[in-house]
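A.B. asks: Input structure: protein.pdb, which contains PDB, C-alpha atoms.
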```
ATOM      1  CA  MET F   2      -9.055   5.158 -15.202
ATOM      2  CA  GLN F   3      -8.437   1.721 -16.679
ATOM      3  CA  ASP F   4      -4.679   2.351 -16.689
ATOM      4  CA  ILE F   5      -4.781   1.990 -12.865
ATOM      5  CA  LEU F   6      -4.793  -1.331 -11.035
ATOM      6  CA  LEU F   7      -5.965  -1.594  -7.440
ATOM      7  CA  ILE F   8      -3.946  -4.355  -5.783
ATOM      8  CA  ILE F   9      -5.932  -5.758  -2.859
ATOM      9  CA  PRO F  10      -3.695  -7.920  -0.603
ATOM     10  CA  SER F  11      -5.987 -10.155   1.430
ATOM     11  CA  TYR F  12      -5.242 -12.597   4.216
ATOM     12  CA  ASN F  13      -8.230 -14.069   6.063
ATOM     13  CA  GLU F  14     -10.583 -11.258   5.046
ATOM     14  CA  GLU F  15     -13.733 -13.354   4.620
ATOM     15  CA  LYS F  16     -15.704 -10.847   6.730
ATOM     16  CA  ASN F  17     -14.636  -7.862   4.630
ATOM     17  CA  ILE F  18     -13.727  -8.818   1.068
ATOM     18  CA  GLU F  19     -17.271  -8.995  -0.274
ATOM     19  CA  LYS F  20     -18.094  -5.487   0.970
ATOM     20  CA  VAL F  21     -14.802  -4.042  -0.282
ATOM     21  CA  VAL F  22     -14.969  -5.499  -3.786
ATOM     22  CA  GLY F  23     -18.738  -5.162  -3.986
ATOM     23  CA  GLU F  24     -18.448  -1.406  -3.428
ATOM     24  CA  LEU F  25     -15.787  -1.149  -6.115
ATOM     25  CA  GLU F  26     -17.848  -3.046  -8.663
ATOM     26  CA  GLU F  27     -21.089  -1.214  -7.883
ATOM     27  CA  HIS F  28     -19.901   2.358  -7.418
ATOM     28  CA  PHE F  29     -16.468   2.498  -9.112
ATOM     29  CA  PRO F  30     -16.694   0.172 -12.130
ATOM     30  CA  GLN F  31     -14.096   2.281 -13.941
ATOM     31  CA  LEU F  32     -11.407   1.004 -11.545
ATOM     32  CA  ASP F  33      -9.624  -2.253 -12.339
ATOM     33  CA  TYR F  34      -8.616  -4.416  -9.385
ATOM     34  CA  ILE F  35      -7.042  -7.731  -8.483
ATOM     35  CA  VAL F  36      -7.581  -9.487  -5.161
ATOM     36  CA  VAL F  37      -4.352 -11.212  -4.127
ATOM     37  CA  ASN F  38      -5.312 -13.962  -1.719
ATOM     38  CA  ASP F  39      -2.240 -14.532   0.448
ATOM     39  CA  GLY F  40      -2.755 -18.199   1.300
ATOM     40  CA  SER F  41      -5.803 -17.468   3.463
ATOM     41  CA  THR F  42      -7.016 -20.244   5.741
ATOM     42  CA  ASP F  43     -10.600 -18.936   5.791
ATOM     43  CA  ARG F  44     -13.164 -18.508   2.966
ATOM     44  CA  THR F  45     -11.560 -15.442   1.348
ATOM     45  CA  ALA F  46     -10.623 -17.220  -1.891
ATOM     46  CA  GLN F  47     -13.872 -19.186  -2.001
ATOM     47  CA  ILE F  48     -15.964 -16.024  -1.673
ATOM     48  CA  CYS F  49     -13.984 -14.367  -4.470
ATOM     49  CA  ARG F  50     -14.499 -17.330  -6.781
ATOM     50  CA  GLU F  51     -18.205 -17.601  -5.981
ATOM     51  CA  ARG F  52     -18.718 -13.883  -6.676
ATOM     52  CA  GLY F  53     -16.595 -13.917  -9.814
ATOM     53  CA  TYR F  54     -14.074 -11.414  -8.486
ATOM     54  CA  ARG F  55     -10.746 -10.967 -10.249
ATOM     55  CA  LEU F  56      -8.503 -13.167  -8.133
ATOM     56  CA  LEU F  57      -4.856 -14.119  -7.891
ATOM     57  CA  SER F  58      -4.657 -16.852  -5.256
ATOM     58  CA  LEU F  59      -1.287 -17.729  -3.742
ATOM     59  CA  PRO F  60      -0.904 -21.342  -2.548
ATOM     60  CA  VAL F  61       0.950 -20.321   0.642
ATOM     61  CA  ASN F  62       1.125 -17.269   2.862
ATOM     62  CA  LEU F  63       3.972 -15.021   1.688
ATOM     63  CA  GLY F  64       3.312 -12.048   3.954
ATOM     64  CA  LEU F  65       2.565  -8.541   2.750
ATOM     65  CA  ALA F  66       5.824  -8.053   0.830
ATOM     66  CA  GLY F  67       5.476 -11.244  -1.218
ATOM     67  CA  CYS F  68       1.739 -10.792  -1.668
ATOM     68  CA  PHE F  69       2.147  -7.216  -2.892
ATOM     69  CA  GLN F  70       4.986  -8.214  -5.211
ATOM     70  CA  ALA F  71       2.703 -10.822  -6.796
ATOM     71  CA  GLY F  72       0.179  -8.058  -7.453
ATOM     72  CA  MET F  73       2.872  -5.818  -8.914
ATOM     73  CA  LYS F  74       4.006  -8.641 -11.216
ATOM     74  CA  TYR F  75       0.432  -8.890 -12.451
ATOM     75  CA  ALA F  76       0.289  -5.109 -12.990
ATOM     76  CA  TYR F  77       3.610  -5.175 -14.846
ATOM     77  CA  GLU F  78       2.671  -8.065 -17.105
ATOM     78  CA  LYS F  79      -0.732  -6.538 -17.914
ATOM     79  CA  GLY F  80       0.847  -3.191 -18.796
ATOM     80  CA  TYR F  81      -0.807  -0.948 -16.210
ATOM     81  CA  ARG F  82       0.553   2.585 -15.966
ATOM     82  CA  TYR F  83      -0.200   2.933 -12.251
ATOM     83  CA  ALA F  84      -0.791   0.510  -9.380
ATOM     84  CA  ILE F  85      -2.140   1.314  -5.943
ATOM     85  CA  GLN F  86      -2.218  -0.780  -2.786
ATOM     86  CA  PHE F  87      -5.788  -1.011  -1.556
ATOM     87  CA  ASP F  88      -6.415  -2.866   1.702
ATOM     88  CA  GLY F  89      -8.939  -5.684   1.824
ATOM     89  CA  ASP F  90     -10.240  -4.704   5.267
ATOM     90  CA  GLY F  91     -12.241  -1.674   4.159
ATOM     91  CA  GLN F  92      -9.907   1.011   5.506
ATOM     92  CA  HIS F  93      -8.976   2.498   2.139
ATOM     93  CA  ARG F  94     -11.649   4.522   0.350
ATOM     94  CA  PRO F  95     -11.902   4.361  -3.456
ATOM     95  CA  GLU F  96     -13.161   7.931  -3.849
ATOM     96  CA  TYR F  97      -9.588   9.157  -3.261
ATOM     97  CA  VAL F  98      -8.030   7.161  -6.104
ATOM     98  CA  GLU F  99      -8.785   9.823  -8.707
ATOM     99  CA  ALA F 100      -7.151  12.614  -6.662
ATOM    100  CA  ILE F 101      -4.078  10.468  -6.085
ATOM    101  CA  ARG F 102      -3.906   9.690  -9.790
ATOM    102  CA  ARG F 103      -4.139  13.404 -10.680
ATOM    103  CA  LYS F 104      -1.138  14.049  -8.443
ATOM    104  CA  MET F 105       0.737  11.172 -10.101
ATOM    105  CA  ASP F 106       0.112  12.818 -13.479
ATOM    106  CA  GLU F 107       2.239  15.767 -12.322
ATOM    107  CA  GLY F 108       5.269  13.505 -12.714
ATOM    108  CA  TYR F 109       5.677  11.747  -9.378
ATOM    109  CA  ASP F 110       6.937   8.184  -8.931
ATOM    110  CA  ILE F 111       4.909   7.493  -5.778
ATOM    111  CA  VAL F 112       1.945   9.319  -4.258
ATOM    112  CA  ILE F 113       0.872   8.489  -0.714
ATOM    113  CA  GLY F 114      -2.670   8.826   0.558
ATOM    114  CA  SER F 115      -1.804  10.656   3.769
ATOM    115  CA  ARG F 116      -3.859  10.714   6.957
ATOM    116  CA  PHE F 117      -1.748  13.423   8.551
ATOM    117  CA  VAL F 118      -0.634  15.852   5.834
ATOM    118  CA  ASN F 119      -3.242  18.476   6.822
ATOM    119  CA  GLN F 120      -3.916  17.245  10.361
ATOM    120  CA  ALA F 121      -3.033  19.050  13.571
ATOM    121  CA  LYS F 122      -0.414  17.333  15.673
ATOM    122  CA  ASP F 123      -1.598  14.984  18.405
ATOM    123  CA  MET F 124      -0.002  12.404  20.673
ATOM    124  CA  SER F 125      -2.018   9.322  19.737
ATOM    125  CA  PRO F 126       0.139   6.169  19.476
ATOM    126  CA  ARG F 127      -0.523   5.925  15.728
ATOM    127  CA  MET F 128       0.434   9.550  15.136
ATOM    128  CA  LEU F 129       3.468   9.352  17.424
ATOM    129  CA  GLY F 130       4.825   6.273  15.671
ATOM    130  CA  SER F 131       4.315   7.832  12.259
ATOM    131  CA  ARG F 132       6.016  11.052  13.380
ATOM    132  CA  LEU F 133       9.069   9.151  14.661
ATOM    133  CA  ILE F 134       9.408   7.283  11.378
ATOM    134  CA  SER F 135       8.779  10.511   9.456
ATOM    135  CA  GLY F 136      11.563  12.174  11.455
ATOM    136  CA  ALA F 137      13.965   9.347  10.662
ATOM    137  CA  ILE F 138      13.200   9.630   6.949
ATOM    138  CA  ARG F 139      13.694  13.396   7.017
ATOM    139  CA  LEU F 140      16.975  13.013   8.904
ATOM    140  CA  THR F 141      18.377  10.549   6.368
ATOM    141  CA  THR F 142      16.908  11.921   3.123
ATOM    142  CA  GLY F 143      16.066  15.568   3.785
ATOM    143  CA  VAL F 144      12.492  14.958   2.606
ATOM    144  CA  LYS F 145       9.440  15.365   4.815
ATOM    145  CA  ILE F 146       6.851  12.603   4.473
ATOM    146  CA  ALA F 147       3.937  13.304   6.825
ATOM    147  CA  ASP F 148       2.467   9.785   6.741
ATOM    148  CA  PRO F 149       5.134   7.221   5.788
ATOM    149  CA  THR F 150       3.164   4.360   7.380
ATOM    150  CA  SER F 151       0.097   4.816   5.174
ATOM    151  CA  GLY F 152      -0.484   1.718   3.073
ATOM    152  CA  MET F 153      -2.450   3.592   0.425
ATOM    153  CA  ARG F 154       0.328   4.303  -2.062
ATOM    154  CA  MET F 155       0.202   4.640  -5.838
ATOM    155  CA  PHE F 156       3.223   3.733  -7.971
ATOM    156  CA  ASN F 157       4.085   4.675 -11.550
ATOM    157  CA  ARG F 158       5.203   2.266 -14.265
ATOM    158  CA  GLU F 159       8.894   2.480 -13.336
ATOM    159  CA  MET F 160       8.143   1.675  -9.706
ATOM    160  CA  ILE F 161       5.843  -1.186 -10.747
ATOM    161  CA  LYS F 162       8.777  -2.665 -12.630
ATOM    162  CA  GLU F 163      11.086  -2.242  -9.625
ATOM    163  CA  PHE F 164       8.702  -4.024  -7.258
ATOM    164  CA  ALA F 165       7.726  -6.693  -9.780
ATOM    165  CA  LEU F 166      11.174  -7.794 -10.926
ATOM    166  CA  LYS F 167      13.404  -7.302  -7.893
ATOM    167  CA  LEU F 168      13.383  -9.171  -4.611
ATOM    168  CA  ASN F 169      14.473  -6.455  -2.171
ATOM    169  CA  TYR F 170      11.357  -4.284  -2.210
ATOM    170  CA  GLY F 171       8.524  -4.413   0.309
ATOM    171  CA  PRO F 172       5.715  -1.854   0.689
ATOM    172  CA  GLU F 173       7.103  -0.401   3.913
ATOM    173  CA  PRO F 174       8.409   3.013   5.091
ATOM    174  CA  ASP F 175      12.049   1.891   4.906
ATOM    175  CA  THR F 176      11.592   1.199   1.195
ATOM    176  CA  ILE F 177      10.133   4.700   0.801
ATOM    177  CA  SER F 178      13.267   6.034   2.495
ATOM    178  CA  PHE F 179      15.514   3.964   0.218
ATOM    179  CA  LEU F 180      13.727   5.052  -2.955
ATOM    180  CA  LEU F 181      13.953   8.709  -1.911
ATOM    181  CA  LYS F 182      17.714   8.277  -1.657
ATOM    182  CA  GLN F 183      17.664   6.813  -5.162
ATOM    183  CA  GLY F 184      15.970   9.935  -6.512
ATOM    184  CA  ALA F 185      12.312   8.911  -6.517
ATOM    185  CA  ARG F 186       9.839  11.782  -6.501
ATOM    186  CA  ILE F 187       7.209  11.271  -3.799
ATOM    187  CA  ALA F 188       4.164  13.369  -2.967
ATOM    188  CA  GLU F 189       1.190  13.109  -0.604
ATOM    189  CA  VAL F 190      -2.529  13.679  -0.994
ATOM    190  CA  PRO F 191      -4.795  14.074   2.065
ATOM    191  CA  VAL F 192      -7.210  11.187   2.613
ATOM    192  CA  THR F 193      -9.418   9.828   5.352
ATOM    193  CA  ILE F 194      -8.856   6.215   6.376
ATOM    194  CA  SER F 195     -11.823   4.266   7.711
ATOM    195  CA  GLU F 196     -11.804   1.764  10.552
ATOM    196  CA  ARG F 197     -11.703  -1.939   9.686
ATOM    197  CA  LEU F 198     -15.099  -3.229   8.624
ATOM    198  CA  ALA F 199     -14.701  -6.403  10.724
ATOM    199  CA  GLY F 200     -12.062  -8.559  12.367
ATOM    200  CA  GLU F 201      -8.921  -7.487  14.187
ATOM    201  CA  SER F 202      -5.827  -5.795  12.865
ATOM    202  CA  TYR F 203      -2.621  -7.777  13.217
ATOM    203  CA  LEU F 204      -0.964  -4.559  14.461
ATOM    204  CA  LYS F 205      -1.692  -5.034  18.135
ATOM    205  CA  PRO F 206       0.193  -2.717  20.558
ATOM    206  CA  MET F 207       3.310  -4.893  20.998
ATOM    207  CA  VAL F 208       3.391  -5.800  17.315
ATOM    208  CA  ALA F 209       3.045  -2.119  16.413
ATOM    209  CA  LEU F 210       5.870  -1.183  18.797
ATOM    210  CA  THR F 211       8.136  -3.882  17.349
ATOM    211  CA  TYR F 212       7.274  -2.720  13.840
ATOM    212  CA  MET F 213       8.148   0.898  14.679
ATOM    213  CA  VAL F 214      11.499  -0.050  16.211
ATOM    214  CA  ARG F 215      12.325  -2.272  13.234
ATOM    215  CA  MET F 216      11.495   0.514  10.788
ATOM    216  CA  LEU F 217      13.595   3.058  12.699
ATOM    217  CA  ILE F 218      16.621   0.743  12.788
ATOM    218  CA  SER F 219      16.209  -0.020   9.097
ATOM    219  CA  ILE F 220      15.854   3.624   8.054
ATOM    220  CA  LEU F 221      18.640   4.975  10.249
ATOM    221  CA  LEU F 222      21.158   2.142   9.782
ATOM    222  CA  ILE F 223      20.392  -0.682   7.374
ATOM    223  CA  GLN F 224      19.367   1.486   4.416
ATOM    224  CA  ASN F 225      22.902   2.924   4.306
ATOM    225  CA  PHE F 226      24.121  -0.470   3.068
ATOM    226  CA  ARG F 227      21.239  -1.308   0.745
ATOM    227  CA  LYS F 228      21.912  -1.316  -2.987
ATOM    228  CA  ARG F 229      19.600  -0.976  -5.955
ATOM    229  CA  ASN F 230      20.101  -4.092  -8.091
TER     230      ASN F 230
END
```
Please lay out the structure from this file as structure tokens.

C.D. replies:
Amino acid sequence: MQDILLIIPSYNEEKNIEKVVGELEEHFPQLDYIVVNDGSTDRTAQICRERGYRLLSLPVNLGLAGCFQAGMKYAYEKGYRYAIQFDGDGQHRPEYVEAIRRKMDEGYDIVIGSRFVNQAKDMSPRMLGSRLISGAIRLTTGVKIADPTSGMRMFNREMIKEFALKLNYGPEPDTISFLLKQGARIAEVPVTISERLAGESYLKPMVALTYMVRMLISILLIQNFRKRN
């Protein structure tokens, strides 16, 4: 599977990055990866250099969109057929990459590793937020995406080019909505997402609520005025 690149955006993941990349190198050596250090202020970059990990280190913090775009530029320039976002906190599990890739080979532009595609409905905050965003996407595109907030997404060569060379793409649900409107074919594969290995997620309750509201406004309103350059 050396035509796939795992892009690992990492900001202050010194407690996790060694375990995440170590598992890849020990148990999944067939998978190529690049750690994109997003201007971390801790020892993330230092650990990667000491361990000899494949590293792209940004001099300043660009946030997830800029960090992921840097990884997509790398994937584009190196000629990878597929690229997949793979979190540096240990939540994404490499054993699902092959199943996602098999789905991509059916001709899809994006395949999402979905936590909810085969899951019974519940009212947990995470599930509720995802269902609201999923409903907004279905309302505006006619397509049902069970887990639009999943960060484990694989992109084909055309999508790599879009993210690498254009400035108006971020790896967020509103971009998924926009690309659906542009004719992108998107599928989902069921996966299990682990808890963070260590540290705290930046998506605390108020941050998560703000994020959900921002995504809903973007999907329902702003995406109507967005253009594909």

A.B. asks: Show which residues sit within 7 Å of region 172-189 of chain F, as a list of chain:residue names. Count only C-alpha atoms, and ignore same-chain residues fewer than 2 positions away.

C.D. replies: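 The neighbour list is F:Ala66, F:Tyr109, F:Asp110, F:Ile111, F:Val112, F:Ile113, F:Gly114, F:Ser115, F:Ile138, F:Thr142, F:Pro149, F:Thr150, F:Tyr170, F:Pro191, F:Met216, F:Ser219, F:Ile220, F:Gln224.
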
A.B. asks: Here's the selection I'm unsure about, the PyMOL selection byres ((chain F and resi 25) around 12); applied to the file above, which residues does it give, as a compact mmCIF listing (two decimals) with C-alpha atoms, keeping the file's coordinate frame?

C.D. replies:
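Wrote out-v1.txt, looks like this:
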```txt
# COMPACT_ATOMS: atom_id res chain seq x y z
CA LEU F 7 -5.96 -1.59 -7.44
CA ILE F 9 -5.93 -5.76 -2.86
CA ILE F 18 -13.73 -8.82 1.07
CA GLU F 19 -17.27 -8.99 -0.27
CA LYS F 20 -18.09 -5.49 0.97
CA VAL F 21 -14.80 -4.04 -0.28
CA VAL F 22 -14.97 -5.50 -3.79
CA GLY F 23 -18.74 -5.16 -3.99
CA GLU F 24 -18.45 -1.41 -3.43
CA GLU F 26 -17.85 -3.05 -8.66
CA GLU F 27 -21.09 -1.21 -7.88
CA HIS F 28 -19.90 2.36 -7.42
CA PHE F 29 -16.47 2.50 -9.11
CA PRO F 30 -16.69 0.17 -12.13
CA GLN F 31 -14.10 2.28 -13.94
CA LEU F 32 -11.41 1.00 -11.54
CA ASP F 33 -9.62 -2.25 -12.34
CA TYR F 34 -8.62 -4.42 -9.38
CA ILE F 35 -7.04 -7.73 -8.48
CA VAL F 36 -7.58 -9.49 -5.16
CA TYR F 54 -14.07 -11.41 -8.49
CA ARG F 55 -10.75 -10.97 -10.25
CA PHE F 87 -5.79 -1.01 -1.56
CA GLY F 89 -8.94 -5.68 1.82
CA GLY F 91 -12.24 -1.67 4.16
CA HIS F 93 -8.98 2.50 2.14
CA ARG F 94 -11.65 4.52 0.35
CA PRO F 95 -11.90 4.36 -3.46
CA GLU F 96 -13.16 7.93 -3.85
CA VAL F 98 -8.03 7.16 -6.10
```

A.B. asks: Apply the PyMOL selection byres ((chain F and resi 43) around 10) to the structure shown and report the selected residues as a ChimeraX atom specification.

C.D. replies: /F:12-16,40-42,44-48

A.B. asks: With all atoms listed in the file as the basis for distance, which of F:Ala84, F:Met73, F:Leu210, F:Ile5 is at the shortest distance from Leu168 (chain F)?

C.D. replies: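 Ranked by minimum distance to Leu168 (chain F), first place goes to F:Met73.
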
A.B. asks: Counting only C-alpha atoms, figure out which residue out of F:Val192, F:Ile161, F:Val214, F:Ile223 gets nearest to Gly80 (chain F).

C.D. replies: F:Ile161

A.B. asks: Select, from F:Leu59, F:Leu166, F:Met105, F:Leu217, the residue with the minimum atom-to-atom distance to Arg139 (chain F), counting only C-alpha atoms.

C.D. replies: F:Leu217

A.B. asks: So for region 211-216 of chain F, what box centre and size do we get, axis-aligned, 6 Å extra on each of the six sides, every listed atom, Å to one decimal, as lines of an AutoDock Vina configuration file?

C.D. replies:
```
center_x = 9.8
center_y = -1.5
center_z = 14.1
size_x = 17.1
size_y = 16.8
size_z = 18.6
```

A.B. asks: Run through the PyMOL selection byres ((chain F and resi 75) around 10) on the given coordinates and return the selected residues as a list in words.

C.D. replies: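 Selected by the PyMOL selection byres ((chain F and resi 75) around 10) in this file: Leu6, Ile8, Ile35, Val37, Leu57, Phe69, Gln70, Ala71, Gly72, Met73, Lys74, Ala76, Tyr77, Glu78, Lys79, Gly80, Tyr81, Ala84, Ile161 and Ala165 of chain F.
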
A.B. asks: Find, counting all atoms listed in the file, the residue in F:Ser195, F:Gly143, F:Gly53, F:Glu107 that gets nearest to Asn157 (chain F).

C.D. replies: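 For Asn157 (chain F), the nearest of the candidates is F:Glu107.
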
A.B. asks: Any idea what the distance is between CA of Leu65 (chain F) and CA of Ala209 (chain F)?

C.D. replies: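 Going from CA of Leu65 (chain F) over to CA of Ala209 (chain F), I get 15.1 Å.
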
A.B. asks: Please, what distance in Å, to one decimal, runs between CA of Arg229 (chain F) and CA of Glu159 (chain F)?

C.D. replies: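 Result for CA of Arg229 (chain F) versus CA of Glu159 (chain F): 13.5 Å, one decimal.
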
A.B. asks: If I take CA of Phe117 (chain F) and CA of Met213 (chain F), how far is one from the other in Å, to one decimal?

C.D. replies: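 Pair CA of Phe117 (chain F) / CA of Met213 (chain F) returns 17.1 Å.
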
A.B. asks: Quick one: of F:Leu140, F:Ile218, F:Met155, F:Val208, who's nearest to Glu99 (chain F), counting only C-alpha atoms?

C.D. replies: F:Met155
